[in-house]
Structure formats: C-alpha cells, structure tokens
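Have a look at the structure below before the remarks.
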Amino acid sequence: MRKPFVAGNWKMNKTVDQATLLVADMLPGLEAVKTVDRVVCPPATSLMVISGMLAGTEVGLGAQNLHWEESGAFTGELSPAMVKEFCQYVIIGHSERRAYFGDTDETVNKKTKAAFAIGLTPIVCVGETLAEYEAGKTGAVVERQVKEGLKDIDPKTAEKLIVAYEPIWAIGTGKAAGPEEANDVIGNVVRKNLAGMFGNDVAQMIRILYGGSVKSENAGEFFHQSDIDGGLVGGASLKAGDFVKIVEAAA
Ligand code: PEP
C-alpha cells in the first residue's frame with residue numbers, strides 16, 4: 001500500500017507575511033489528516049519562516065527548484081545544502097521550469113541525483129504539451145522524460161522518489177485531464193517504465209501524483225484511480241480551505 005501524498009506548489013505567490021498567514025490557516029486542517037503525506041512548497045524567501053512553523057508537525061516542506069552544484073558562481077540559484085537546511089522535499093523539472101528556465105531531461109537528472117545525495121526527496125515532474133497530446137505523442141514524451149530524467153539512480157534510492165504526471169495543457173487552465181486518461185498514462189507509461197528501470201517491486205513503492213487543475217471538487221475522482229497516489233496542486237493550494245479539502249479527499 002502506498003501512502004497518499006499531496007503537495008501544494010505555491011509557485012511565485014505570497015510574501016513572507018502572506019505565506020505565514022496561509023500556513024497558519026491551513027495547518028490545523030493539514031495536521032488532522034494523518035494518513036496522507038502533506039507538503040507545502042512556498043517560494044524560497046519563505047522557507048526559513050515556514051520551516052519554523054512546521055517544526056514538530058507532520059507537515060513537510062518543499063522547495064520549488066535547486067541547482068545540482070554544491071556552491072559557486074550560479075547567481076540566483078539555491079544549492080542542495082541550502083534547500084536541505086529547511087526542507088525535506090524539492091520539486092524538480094516542473095513544466096514551467098522546463099518552458100521558461102531551460103530545464104531539460106539532463107538537468108532534471110542532475111538535480112534529482114543531487115537532491116537524493118543530500119537527503120532530499122525529489123518530486124520529479126513529467127508531462128506533455130498540448131501539441132504533443134493532440135499528436136498522440138503523450139506516451140513517447142513521458143517515457144523519454146522518465147527514462148532520461150531518472151537514469152542511473154540506484155533502485156534502493158528510487159523507492160523514495162515521487163513522480164508527478166502533469167499534462168501541461170491541464171496546468172493552471174482549469175481543464176483537468178480525465179481521471180481514467182491520467183491513470184492510464186501513470187500506470188501504463190510512468191509506472192511501467194519505472195518497473196523496467198528499477199524492477200517491479202520498487203515501481204510499486206514509488207508514489208506517482210497527478211497534477212493539473214486539481215480542485216476540491218474533482219480531487220476525489222483522481223485519487224480513486226488505481227495508479228494515482230495523490231496530487232501536485234498549484235492554484236488550489238493557495239486557499240487554505242481548498243487545499244485541506246484536497247488532502248482530505250486523498251485520505
Ligand atoms: C502545478 O503547478 O503543478 C499545477 C498542477 O498547477 P494547477 O493545479 O494550478 O493546474
């Protein structure tokens with residue numbers, strides 16, 4: 001049995017004061033749902049303050065990106081050790097990073113290895129564009145992202161991996177994928193390739209999330225699917241009541 005997992009990706013939203021209020025608002029509701037691993041991923045400026053608020057709770061903290069090098073001349077970047085000071089998780093290869101900031105399968109692989117090496121749990125994002133979806137290339141694109149992004153990772157380490165399948169056309173558009181359709185990609189492309197790479201036992205342990213316009217109203221339909229182990233939630237994670245309801249749906 002895989003424990004359900006729900007993470008909120010706040011993207012570039014909330015100042016420290018706003019982030020503090022949002023966490024204070026959602027924390028009691030999140031704390032109450034013990035059967036789900038729940039994580040918030042605020043902007044980097046709020047990680048220190050929020051890590052203090054979450055200390056002693058079971059709610060995890062994640063960053064939205066990291067660099068794979070230990071230190072050096074990489075203006076604007078955060079090293080694995082800097083992220084590890086405050087976080088347990090890190091989102092890697094989100095489609096917005098791939099589209100606007102040059103993340104590739106190769107850098108996703110480097111970041112994933114660097115995250116594991118320092119003891120962070122990576123949440124690795126994969127997903128096809130609308131053009132790829134319409135051209136029937138979903139399977140091929142997602143397979144490539146999984147194989148390249150996660151190559152040369154030790155199977156024992158890979159057990160801890162979290163993968164998020166996020167069709168890009170469903171992110172922030174209000175147009176979620178069909179639950180069965182998402183389950184099909186997650187089971188028959190993502191998990192199947194993970195089994196080929198790490199063995200079936202490991203693939204059965206890896207949590208795979210759906211992301212893309214998950215809301216409190218539709219979350220249950222996704223989480224009932226056999227291969228969907230939870231969600232990576234963008235917009236709806238910025239409202240305390242909505243995010244708590246999504247976590248409750250995962251339970
Ligand atoms: C995301 O940013 O990972 C995401 C899924 O966003 P939204 O829920 O807003 O579609």
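Lettering and numbering for the structure tokens are positional, with chains as A, B, ... in the shown order, residues counted from 1 in each chain, and ligands counted from 1 in the shown order.
Where the distance criterion is 6 Å and the atoms used are only C-alpha atoms and all ligand atoms, the residues close to ligand 1 are Asn9, Ala170, Ile171, Gly172, Gly211, Gly212, Ser213, Val214, Leu232, Val233, Gly234 and Gly235 of chain A.
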Tell me, as a PDB file with all heavy atoms, in the first residue's frame, which residues lie within 12 Å of Ala131 of chain A, counting only C-alpha atoms; anything in the same chain fewer than 4 positions away does not count.
ATOM      1  N   GLY A 127       5.398  15.453 -18.192  1.00  0.00           N
ATOM      2  CA  GLY A 127       4.108  15.752 -18.815  1.00  0.00           C
ATOM      3  C   GLY A 127       4.285  16.338 -20.193  1.00  0.00           C
ATOM      4  O   GLY A 127       5.312  16.965 -20.481  1.00  0.00           O
ATOM      5  N   ALA A 135      -1.067  15.308 -30.960  1.00  0.00           N
ATOM      6  CA  ALA A 135      -0.396  14.488 -31.976  1.00  0.00           C
ATOM      7  C   ALA A 135      -0.248  13.027 -31.526  1.00  0.00           C
ATOM      8  O   ALA A 135       0.401  12.226 -32.204  1.00  0.00           O
ATOM      9  CB  ALA A 135       0.980  15.083 -32.275  1.00  0.00           C
ATOM     10  N   GLY A 136      -0.831  12.701 -30.377  1.00  0.00           N
ATOM     11  CA  GLY A 136      -0.768  11.319 -29.891  1.00  0.00           C
ATOM     12  C   GLY A 136       0.611  10.919 -29.397  1.00  0.00           C
ATOM     13  O   GLY A 136       0.965   9.738 -29.395  1.00  0.00           O
ATOM     14  N   LYS A 137       1.386  11.918 -28.949  1.00  0.00           N
ATOM     15  CA  LYS A 137       2.773  11.613 -28.542  1.00  0.00           C
ATOM     16  C   LYS A 137       2.956  11.528 -27.020  1.00  0.00           C
ATOM     17  O   LYS A 137       4.087  11.486 -26.540  1.00  0.00           O
ATOM     18  CB  LYS A 137       3.714  12.703 -29.085  1.00  0.00           C
ATOM     19  CG  LYS A 137       3.853  12.682 -30.597  1.00  0.00           C
ATOM     20  CD  LYS A 137       4.875  13.724 -31.033  1.00  0.00           C
ATOM     21  CE  LYS A 137       5.019  13.729 -32.538  1.00  0.00           C
ATOM     22  NZ  LYS A 137       5.570  15.005 -33.029  1.00  0.00           N
ATOM     23  N   THR A 138       1.855  11.546 -26.288  1.00  0.00           N
ATOM     24  CA  THR A 138       1.962  11.561 -24.823  1.00  0.00           C
ATOM     25  C   THR A 138       2.871  10.445 -24.303  1.00  0.00           C
ATOM     26  O   THR A 138       3.795  10.689 -23.519  1.00  0.00           O
ATOM     27  CB  THR A 138       0.559  11.426 -24.182  1.00  0.00           C
ATOM     28  OG1 THR A 138      -0.221  12.539 -24.597  1.00  0.00           O
ATOM     29  CG2 THR A 138       0.630  11.402 -22.666  1.00  0.00           C
ATOM     30  N   VAL A 141       6.639  10.945 -25.161  1.00  0.00           N
ATOM     31  CA  VAL A 141       7.253  12.081 -24.460  1.00  0.00           C
ATOM     32  C   VAL A 141       7.464  11.743 -22.983  1.00  0.00           C
ATOM     33  O   VAL A 141       8.551  11.946 -22.426  1.00  0.00           O
ATOM     34  CB  VAL A 141       6.371  13.347 -24.600  1.00  0.00           C
ATOM     35  CG1 VAL A 141       6.831  14.461 -23.672  1.00  0.00           C
ATOM     36  CG2 VAL A 141       6.362  13.828 -26.044  1.00  0.00           C
ATOM     37  N   PRO A 167       0.045  16.848 -17.273  1.00  0.00           N
ATOM     38  CA  PRO A 167      -0.112  17.268 -18.670  1.00  0.00           C
ATOM     39  C   PRO A 167      -0.099  18.799 -18.707  1.00  0.00           C
ATOM     40  O   PRO A 167      -0.885  19.438 -17.990  1.00  0.00           O
ATOM     41  CB  PRO A 167      -1.480  16.712 -19.076  1.00  0.00           C
ATOM     42  CG  PRO A 167      -2.073  16.075 -17.867  1.00  0.00           C
ATOM     43  CD  PRO A 167      -1.139  16.179 -16.728  1.00  0.00           C
ATOM     44  N   ILE A 168       0.783  19.370 -19.500  1.00  0.00           N
ATOM     45  CA  ILE A 168       0.999  20.830 -19.436  1.00  0.00           C
ATOM     46  C   ILE A 168      -0.277  21.587 -19.795  1.00  0.00           C
ATOM     47  O   ILE A 168      -0.570  22.642 -19.237  1.00  0.00           O
ATOM     48  CB  ILE A 168       2.175  21.225 -20.348  1.00  0.00           C
ATOM     49  CG1 ILE A 168       3.452  20.583 -19.803  1.00  0.00           C
ATOM     50  CG2 ILE A 168       2.357  22.750 -20.409  1.00  0.00           C
ATOM     51  CD1 ILE A 168       4.643  20.653 -20.744  1.00  0.00           C
ATOM     52  N   TRP A 169      -1.070  21.010 -20.685  1.00  0.00           N
ATOM     53  CA  TRP A 169      -2.309  21.663 -21.112  1.00  0.00           C
ATOM     54  C   TRP A 169      -3.352  21.705 -19.991  1.00  0.00           C
ATOM     55  O   TRP A 169      -4.363  22.399 -20.108  1.00  0.00           O
ATOM     56  CB  TRP A 169      -2.879  20.966 -22.355  1.00  0.00           C
ATOM     57  CG  TRP A 169      -2.906  19.463 -22.246  1.00  0.00           C
ATOM     58  CD1 TRP A 169      -1.914  18.604 -22.610  1.00  0.00           C
ATOM     59  CD2 TRP A 169      -3.973  18.644 -21.734  1.00  0.00           C
ATOM     60  NE1 TRP A 169      -2.281  17.310 -22.348  1.00  0.00           N
ATOM     61  CE2 TRP A 169      -3.547  17.313 -21.822  1.00  0.00           C
ATOM     62  CE3 TRP A 169      -5.241  18.925 -21.211  1.00  0.00           C
ATOM     63  CZ2 TRP A 169      -4.339  16.242 -21.411  1.00  0.00           C
ATOM     64  CZ3 TRP A 169      -6.036  17.865 -20.803  1.00  0.00           C
ATOM     65  CH2 TRP A 169      -5.576  16.551 -20.905  1.00  0.00           C
TER      66      TRP A 169
END
* Structure fact -> In terms of only C-alpha atoms, the residue from A:His224, A:Lys111, A:Lys34, A:Lys215 at minimal distance from Asp242 of chain A is A:Lys215
* **Backbone DSSP call of strand (DSSP E) for segment 5-180 of chain A, listed as number ranges by chain** => A: 5-9, 37-41, 60-63, 89-92, 121-126, 162-165
Please identify every residue of segment 82-163 of chain A that has at least one atom no farther than 9 Å from an atom of segment 199-208 of chain A, counting only C-alpha atoms, and for each give the shortest atom pair and the distance in Å to one decimal, arranged by chain then increasing number, as a tab-separated table.
residue	atom	partner	partner_atom	distance
A:Pro155	CA	A:Val202	CA	6.8
A:Lys156	CA	A:Val202	CA	7.6
A:Ala158	CA	A:Val202	CA	7.2
A:Glu159	CA	A:Ile206	CA	5.4
A:Lys160	CA	A:Ile206	CA	6.4
A:Leu161	CA	A:Ile206	CA	5.8
A:Ile162	CA	A:Arg207	CA	5.1
A:Val163	CA	A:Ile208	CA	4.7
* To do: Using DSSP on the backbone coordinates, identify the residues of segment 52-120 of chain A assigned to alpha helix (DSSP H); present them as a ChimeraX atom specification.
  => /A:52-54,80-84,95-100,105-118
Selection from above, C-alpha atoms, as a PDB file, in the first residue's frame, can you write it?
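Contents of the output file again.pdb:
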ATOM      1  CA  GLY A  52       9.893  27.110  11.927  1.00  0.00           C
ATOM      2  CA  MET A  53       6.095  26.996  11.804  1.00  0.00           C
ATOM      3  CA  LEU A  54       6.118  23.371  10.660  1.00  0.00           C
ATOM      4  CA  PRO A  80      21.171  21.307  -2.389  1.00  0.00           C
ATOM      5  CA  ALA A  81      22.614  22.089   1.068  1.00  0.00           C
ATOM      6  CA  MET A  82      20.754  25.433   1.192  1.00  0.00           C
ATOM      7  CA  VAL A  83      17.471  23.696   0.419  1.00  0.00           C
ATOM      8  CA  LYS A  84      18.229  20.905   2.896  1.00  0.00           C
ATOM      9  CA  SER A  95       6.935  22.256 -16.762  1.00  0.00           C
ATOM     10  CA  GLU A  96       7.263  25.999 -16.038  1.00  0.00           C
ATOM     11  CA  ARG A  97      10.970  25.462 -15.270  1.00  0.00           C
ATOM     12  CA  ARG A  98      11.308  23.423 -18.448  1.00  0.00           C
ATOM     13  CA  ALA A  99       9.446  26.021 -20.551  1.00  0.00           C
ATOM     14  CA  TYR A 100      10.862  29.292 -19.173  1.00  0.00           C
ATOM     15  CA  ASP A 105      15.855  15.934 -19.063  1.00  0.00           C
ATOM     16  CA  GLU A 106      19.614  16.158 -18.499  1.00  0.00           C
ATOM     17  CA  THR A 107      19.420  18.885 -15.832  1.00  0.00           C
ATOM     18  CA  VAL A 108      16.426  17.143 -14.247  1.00  0.00           C
ATOM     19  CA  ASN A 109      18.630  14.068 -13.907  1.00  0.00           C
ATOM     20  CA  LYS A 110      21.468  16.077 -12.325  1.00  0.00           C
ATOM     21  CA  LYS A 111      19.092  17.840  -9.938  1.00  0.00           C
ATOM     22  CA  THR A 112      17.391  14.586  -8.949  1.00  0.00           C
ATOM     23  CA  LYS A 113      20.716  12.921  -8.155  1.00  0.00           C
ATOM     24  CA  ALA A 114      21.889  15.998  -6.210  1.00  0.00           C
ATOM     25  CA  ALA A 115      18.652  16.027  -4.203  1.00  0.00           C
ATOM     26  CA  PHE A 116      18.979  12.358  -3.280  1.00  0.00           C
ATOM     27  CA  ALA A 117      22.678  12.776  -2.465  1.00  0.00           C
ATOM     28  CA  ILE A 118      21.906  15.384   0.211  1.00  0.00           C
TER      29      ILE A 118
END
Give me, as CSV, each residue of segment 119-233 of chain A that comes within 12 Å of segment 56-70 of chain A, together with its shortest interatomic pair and the distance in Å at one decimal, counting only C-alpha atoms, with rows ordered by chain and rising residue number.
residue,atom,partner,partner_atom,distance
A:Leu120,CA,A:Gly62,CA,9.0
A:Thr121,CA,A:Gly62,CA,8.8
A:Pro122,CA,A:Gly62,CA,9.0
A:Ile123,CA,A:Gly62,CA,9.0
A:Val124,CA,A:Asn65,CA,10.3
A:Cys125,CA,A:Gln64,CA,11.1
A:Leu232,CA,A:Gly62,CA,11.7
* Neighbour list for Gln225 of chain A as a list in words, cut-off 12 Å, only C-alpha atoms, skip fewer than 6 positions in-chain -> Pro4, Gly178, Pro179, Glu180, Glu181, Ala182, Asn183, Asp184, Val185, Ile186, Gly187, Ile208, Leu209, Tyr210, Ala219, Gly231 and Ala250 of chain A
Save the residues we just selected, C-alpha atoms, as a PDB file, in the first residue's frame?
ATOM      1  CA  PRO A   4      -1.212   9.040  -0.352  1.00  0.00           C
ATOM      2  CA  GLY A 178      -9.867  12.821 -17.477  1.00  0.00           C
ATOM      3  CA  PRO A 179      -9.138  10.730 -14.370  1.00  0.00           C
ATOM      4  CA  GLU A 180      -9.069   7.460 -16.357  1.00  0.00           C
ATOM      5  CA  GLU A 181      -6.881   9.024 -19.011  1.00  0.00           C
ATOM      6  CA  ALA A 182      -4.408  10.289 -16.383  1.00  0.00           C
ATOM      7  CA  ASN A 183      -4.455   6.913 -14.643  1.00  0.00           C
ATOM      8  CA  ASP A 184      -3.674   5.211 -17.940  1.00  0.00           C
ATOM      9  CA  VAL A 185      -0.568   7.371 -18.521  1.00  0.00           C
ATOM     10  CA  ILE A 186       0.540   6.965 -14.906  1.00  0.00           C
ATOM     11  CA  GLY A 187       0.076   3.178 -14.878  1.00  0.00           C
ATOM     12  CA  ILE A 208       3.023   8.901  -8.597  1.00  0.00           C
ATOM     13  CA  LEU A 209       0.873  12.028  -8.428  1.00  0.00           C
ATOM     14  CA  TYR A 210      -1.471  13.663 -10.898  1.00  0.00           C
ATOM     15  CA  ALA A 219      -9.729  15.587  -6.428  1.00  0.00           C
ATOM     16  CA  GLY A 231      -1.713  15.230  -6.304  1.00  0.00           C
ATOM     17  CA  ALA A 250      -6.660  11.821  -0.614  1.00  0.00           C
TER      18      ALA A 250
END
